[in-house]
Amino acid sequence: QAQLMESGGGLVQAGGSLRLSCASSGSIPGINVLGWYRQVPGKQREMVATILLNGYTSYADSVQGRFSISRDRAGRQVFLQMNSLKPEDTAIYYCNFRNSYTNYNAWGQGTQVTVST
């Protein structure tokens, strides 16, 4: 079974930028939605951004205009460009590959993003 691996997290000052990457170790048949989610301790995981294979994107209101999701042509990599970062963006970020018809989900192990004041 293909595995997802995130990279690019780290510590950044408020107002700074980070770029997250996620790569699949293999092809996952039927995947049509790629996305990024985040979670802080004690809270539910929340959607940050998603991109369909046709390129349509969706963003959480809290990141609209600051974050940008993209993917490679093969649909095996997804990226999240995060600009104008705020302390409230601090979380563990997870990538997600999903088949919206079967609801099959694959998750990465998560990467920590910490934004300092």
# chains A, B, ... in the order shown; residues from 1 in each chain; ligands from 1

$ residues_around --residues "Asn105 in chain A" --least-positions-apart "6" --cutoff "9 Å" --atoms "only C-alpha atoms" --output "PyMOL selection string"
chain A and resi 31+96-99

$ write_last_selection --atoms "C-alpha atoms" --output "CSV table (one decimal), in the first residue's frame"
chain,number,residue,atom,x,y,z
A,31,ILE,CA,-7.7,9.1,-5.8
A,96,ASN,CA,-4.6,13.4,2.6
A,97,PHE,CA,-5.4,11.5,-0.6
A,98,ARG,CA,-9.0,10.5,-0.9
A,99,ASN,CA,-11.4,8.7,-3.2

$ residues_around --residues "Asn32 in chain A" --least-positions-apart "3" --cutoff "10 Å" --atoms "only C-alpha atoms" --output "PyMOL selection string"
chain A and resi 28-29+51-54+75+97-101

$ closest_residue --among "A:Ala14, A:Thr57, A:Leu85, A:Tyr94" --to "Ala106 in chain A" --atoms "only C-alpha atoms"
A:Tyr94

$ select_by_dssp --residues "range 71-103 of chain A" --states "strand (DSSP E)" --output "ChimeraX atom specification"
/A:71,77-82,91-99

$ closest_residue --among "A:Arg38, A:Arg19, A:Arg45, A:Arg66" --to "Leu80 in chain A" --atoms "only C-alpha atoms"
A:Arg19

$ residues_around --residues "Val40 in chain A" --least-positions-apart "6" --cutoff "9 Å" --atoms "only C-alpha atoms" --output "number ranges by chain"
A: 90-92

$ write_last_selection --atoms "C-alpha atoms" --output "mmCIF file, in the first residue's frame"
data_model
loop_
_atom_site.group_PDB
_atom_site.id
_atom_site.type_symbol
_atom_site.label_atom_id
_atom_site.label_comp_id
_atom_site.auth_asym_id
_atom_site.auth_seq_id
_atom_site.Cartn_x
_atom_site.Cartn_y
_atom_site.Cartn_z
ATOM 1 C CA THR A 90 0.575 26.483 14.575
ATOM 2 C CA ALA A 91 -0.474 22.828 14.261
ATOM 3 C CA ILE A 92 0.495 19.438 12.933
#

$ atom_distance --atom1 "CA of Ile69 in chain A" --atom2 "CA of Ser21 in chain A"
9.9 Å
